[in-house]
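For reference, the structure is listed below as structure tokens.
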There are 2 protein chains.
Amino acid sequence: MQPEAETPHVVIVGGGFAGLSAARMLSRRQVRITLIDRRNYHCFQPLLYQVATGGLEPADIAYPIRSVFAANKNVTVLLDEAIGLDRQARSLHLKQSGWLDYDYLILACGATMSYHGHDHWRPHAPGLKTLKDALSIRRRVLGAFEAAEACNDPTQRQAWMTFVIIGAGPTGVEMAGAIAEMARYTLARDFRRIEPSQARVILLHSGDRVLRDYSPKLSQAAQRQLEELGVELRLNQRATAIDDHSVETGSGRIESRNVIWAAGVSAVAIARQLELPMMDGGRVPVTADLSLADAPNCFVIGDMAAARSDGHSVPGVAPAAIQAGKHVARCIRQDLRLRPRPNFRYRDRGSLATIGRNRAIAQFPLLTMTGFPAWLVWALVHVALLIGFRSRVVVMISWIWNWLTNRRGARIVVGRTRCSAQTPSEDMASSASVQSRGSD
Amino acid sequence: MQPEAETPHVVIVGGGFAGLSAARMLSRRQVRITLIDRRNYHCFQPLLYQVATGGLEPADIAYPIRSVFAANKNVTVLLDEAIGLDRQARSLHLKQSGWLDYDYLILACGATMSYHGHDHWRPHAPGLKTLKDALSIRRRVLGAFEAAEACNDPTQRQAWMTFVIIGAGPTGVEMAGAIAEMARYTLARDFRRIEPSQARVILLHSGDRVLRDYSPKLSQAAQRQLEELGVELRLNQRATAIDDHSVETGSGRIESRNVIWAAGVSAVAIARQLELPMMDGGRVPVTADLSLADAPNCFVIGDMAAARSDGHSVPGVAPAAIQAGKHVARCIRQDLRLRPRPNFRYRDRGSLATIGRNRAIAQFPLLTMTGFPAWLVWALVHVALLIGFRSRVVVMISWIWNWLTNRRGARIVVGRTRCSAQTPSEDMASSASVQSRGSD
């Protein structure tokens, strides 16, 4: 056995796609690895929206990080949080465990929702970045239909049944499609006083087409598929004010109790905490090998980094994060062999976005697809990318079941839904024998 | 169509086994049904302990109540809570919707944990009655191993790795067995500083044998199987004090950060809220047909009721609750036909309790089983009793996977674990390059 002092210590912050892929590659090398995450699991973010809309459960898309590395004795997993960094002393400050020295540091902390300076919108328009967010949105969405069913005022009822999704990137499009499907099919027969299919799903987007990373032709296909599901597209519109009851846009006010934010992320919070340089948009600038300009032993990857490849900026998608993780693992190996590091090159193997059942778009280097074929490819690729045999099987069964029955298996809300503050009116009294009376 | 006024209105409070079975039977009759529950799902309580120990996810054992009755237009489901009752006026007071008149009332509100007058123990020794409880216990149990891994003080570390389960009924036995298995097998290789298999699981019981509803021979078999898993049985011992760090018993103090309460339930809270009569033990006394003595149109069933059958008290188990639900549906039908009501008779078709993988006991009228055969019967019966095709398939796959790999698929904690308040010691500094230093 090599003495510990000679084994380089690689500290990785973040167990998302980027951090996990770096740790997996490095775990086979002669390095000691400490992988730090605030949570005990790796989350498959592309399917978060399905947890939010009751199609899947958290454990279906999450995998315990410790289990990934159970066999790799050179990997230590810490449930902790980075709160400071001393690049000079090569030491990272952890909330629970104090200072941790490193030879190499890989920062892959991801990003959080960015409200572009309107942080007071956050409580009214939650975003979807974590499993906790997903369960909270699920509670809001299902609770909204319950509140509408219990509500006697037609205006208020319509506000409960109006869903505004802000931002038409992949998450916004998926959420809009999933909520529209839920209202139209899944919940269709479940209520007695409301018609869930009358719910309005409005997709507000500041740009002139949805999914702007795709070709205009595919954007159009996506828009057509959204409209088939009854989603109201409002392009070239921005939210100018959001509160608990409404969204103000340039062209009018929308009464809605359900606003979901999908209009951008940034890494500002963690970059500031660790005193890293920052670019516009809150990403951390990196060199061609993904390290910091003044600290070559310190890499920043994933959504946190403003990486460039072949003159283009690298998108914040899972395949790019995985490739970046592998790249820094390769750089460290080259360093240890005293060989030069390669530059990072992002290979775009194609993109997939789903709108709903049988509805998706796919853009590959030599081929584009829409509708059912694209959806099938999307489903197969996502099942294949999940970690863990159990997750793959459970997700596949859930989807087959959902596809056959239009039901969603995880439509349960643990914890309380928002209460609707209303008094029973005569309408309710006559239809369900509920009478207004003083409390006893 | 019959005019509404002539159709009797049956109000059912509680969507557990008892309430759901009554509603299902009655949904085929000429009655209007309003089913009220605080939650939007029916929970299969016998498998709650598997959610608590990371084997299953909430949606695997929960089913949306609205979906059960989607096709029954005479059933209205309300997400609400009973807060008062006027038996004279035949009206139930709901938190959200005000007063609701009924012709028949079926109370099936279940029970909550009873701390036998020590309600201040509740925060230190949570019980397991709801999915929220289950997720909270999961967070505590998995968090305890994380805290132990991060802990430098050997005494504190042992306290984090000591689990005390109070009460050796079915829930206590299942929890003790599942935690012991998790420590011994599931988590065995996941940590670097602690040996999860060194965790102590102590089952404290005031009686002289576990699972006292079974024959002494089967109790002994259960005890043997628990001891094989390394569970320490402490019979004839009661907790006399519980705080966040320890449990005091007649014969000494156990340092433990993880105490779980499984020593009894009562219906006191809801019975008091609705001003119902109460017996010792907090159950509501009912007549031979399960109605209230002074209100024959008001039934109390399930864990809430102190029902008797053939001179014996009816146990608080799922089959008894289901039978009681069917019985009151039959009584109401007889009333409507102006025929006499039958008396309730509980048919004990057998009992099953599981201790762990391949470990269980089964007691049928003509046959008893232990070990693998009992476990197999337990597993098949519980899969068959789940509502919904998706749940059955997912639970079956999860169990097969768990059985083959000893892993638990739902070992993830959404939300924060308890933080261990400790400062890094030299031990940690040397083993993981963590150094104590002032914060920057």
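Note on naming: chains are A, B, ... as they come in the structure tokens, residues start from 1 per chain, ligands start from 1 in the order shown.
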
For the contact check between chain B and chain A, emit one row per residue of chain B within 7 Å, containing the shortest atom pair and the distance in Å rounded to one decimal, counting only C-alpha atoms, chain then rising number order, as a tab-separated table.
residue	atom	partner	partner_atom	distance
B:Asn40	CA	A:Ile412	CA	6.3
B:Tyr41	CA	A:Ile412	CA	5.9
B:Glu57	CA	A:Ala59	CA	6.7
B:Ala59	CA	A:Ala410	CA	4.9
B:Pro64	CA	A:Ile412	CA	6.1
B:Arg66	CA	A:Asp190	CA	5.3
B:Ser67	CA	A:Asp190	CA	6.1
B:Ala70	CA	A:Asp190	CA	4.8
B:Thr76	CA	A:Arg192	CA	6.5
B:Leu79	CA	A:Glu146	CA	6.9
B:Ser97	CA	A:Pro424	CA	5.7
B:Gly98	CA	A:Ser436	CA	5.9
B:Trp99	CA	A:Gln435	CA	5.1
B:Leu100	CA	A:Val434	CA	4.2
B:Asp101	CA	A:Ser433	CA	5.7
B:Leu131	CA	A:Val414	CA	6.6
B:Lys132	CA	A:Val414	CA	6.0
B:Glu146	CA	A:Leu79	CA	6.9
B:Arg189	CA	A:Ala70	CA	5.4
B:Asp190	CA	A:Ala70	CA	4.8
B:Arg192	CA	A:Thr76	CA	6.5
B:Arg390	CA	A:Gly409	CA	6.7
B:Val394	CA	A:Val394	CA	6.1
B:Ser398	CA	A:Arg390	CA	6.9
B:Trp401	CA	A:Arg390	CA	6.8
B:Gly409	CA	A:Ala59	CA	6.7
B:Ala410	CA	A:Ala59	CA	4.9
B:Arg411	CA	A:Pro64	CA	6.4
B:Ile412	CA	A:Tyr41	CA	6.0
B:Val413	CA	A:Asn40	CA	6.6
B:Val414	CA	A:Lys132	CA	6.0
B:Gly415	CA	A:Lys132	CA	6.5
B:Pro424	CA	A:Ser97	CA	5.7
B:Ser433	CA	A:Leu100	CA	5.7
B:Val434	CA	A:Leu100	CA	4.2
B:Gln435	CA	A:Trp99	CA	5.0
B:Ser436	CA	A:Gly98	CA	5.9
B:Arg437	CA	A:Trp99	CA	6.7

What's around range 302-305 of chain A at 6 Å? Count only C-alpha atoms, leave out sequence neighbours fewer than 5 positions away in its own chain, and write the answer as a tab-separated table (two decimals) with N, CA and C atoms, in the first residue's frame.
chain	number	residue	atom	x	y	z
A	18	ALA	N	-22.19	16.16	-12.95
A	18	ALA	CA	-20.78	16.51	-13.16
A	18	ALA	C	-19.90	15.89	-12.07
A	108	ALA	N	-18.63	21.32	-8.33
A	108	ALA	CA	-19.74	20.95	-9.22
A	108	ALA	C	-21.03	21.11	-8.44
A	110	GLY	N	-23.68	22.93	-9.00
A	110	GLY	CA	-24.95	23.17	-9.68
A	110	GLY	C	-25.38	24.62	-9.60
A	111	ALA	N	-26.65	24.85	-9.85
A	111	ALA	CA	-27.18	26.20	-9.87
A	111	ALA	C	-28.50	26.22	-9.13
A	267	ALA	N	-25.55	30.46	-10.61
A	267	ALA	CA	-24.72	29.88	-9.56
A	267	ALA	C	-24.22	30.96	-8.62
A	283	ARG	N	-22.44	32.67	-13.76
A	283	ARG	CA	-21.63	31.47	-13.86
A	283	ARG	C	-20.16	31.82	-13.63
A	284	VAL	N	-19.36	30.80	-13.33
A	284	VAL	CA	-17.96	31.02	-13.00
A	284	VAL	C	-17.12	30.81	-14.27
A	316	GLY	N	-26.20	24.09	-20.27
A	316	GLY	CA	-26.35	23.51	-18.93
A	316	GLY	C	-27.21	22.26	-18.95
A	321	ALA	N	-22.52	18.09	-18.52
A	321	ALA	CA	-21.99	17.96	-17.17
A	321	ALA	C	-21.22	16.65	-17.03

Using DSSP on the backbone, list every residue of range 37-178 of chain A that comes out as strand (DSSP E or B), and give them as number ranges by chain. A: 37, 41-43, 62-64, 75-79, 82-86, 91-94, 98-101, 104-107, 112-113, 127, 162-166

With DSSP run on the backbone, what are the alpha helix (DSSP H) residues within range 178-378 of chain B? I'd like them as an MDAnalysis selection string. chainID B and resid 178:181 216:228 268:273 318:336 371:378

Contact residues around Phe44 in chain B with only C-alpha atoms at 8 Å, ignoring same-chain residues under 3 positions, as a PDB file with C-alpha atoms, in the first residue's frame:
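Ended up saving to out39.pdb:
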ATOM      1  CA  GLY B  16     -58.560   4.136   6.048  1.00  0.00           C
ATOM      2  CA  PHE B  17     -59.404   0.445   5.796  1.00  0.00           C
ATOM      3  CA  LEU B  47     -46.345  -1.512   5.129  1.00  0.00           C
ATOM      4  CA  LEU B  48     -45.647   1.906   6.649  1.00  0.00           C
ATOM      5  CA  ILE B  61     -48.474   2.042  -0.431  1.00  0.00           C
ATOM      6  CA  ALA B  62     -50.834   4.973  -0.934  1.00  0.00           C
ATOM      7  CA  LEU B 386     -52.590  -3.404  -1.994  1.00  0.00           C
TER       8      LEU B 386
END
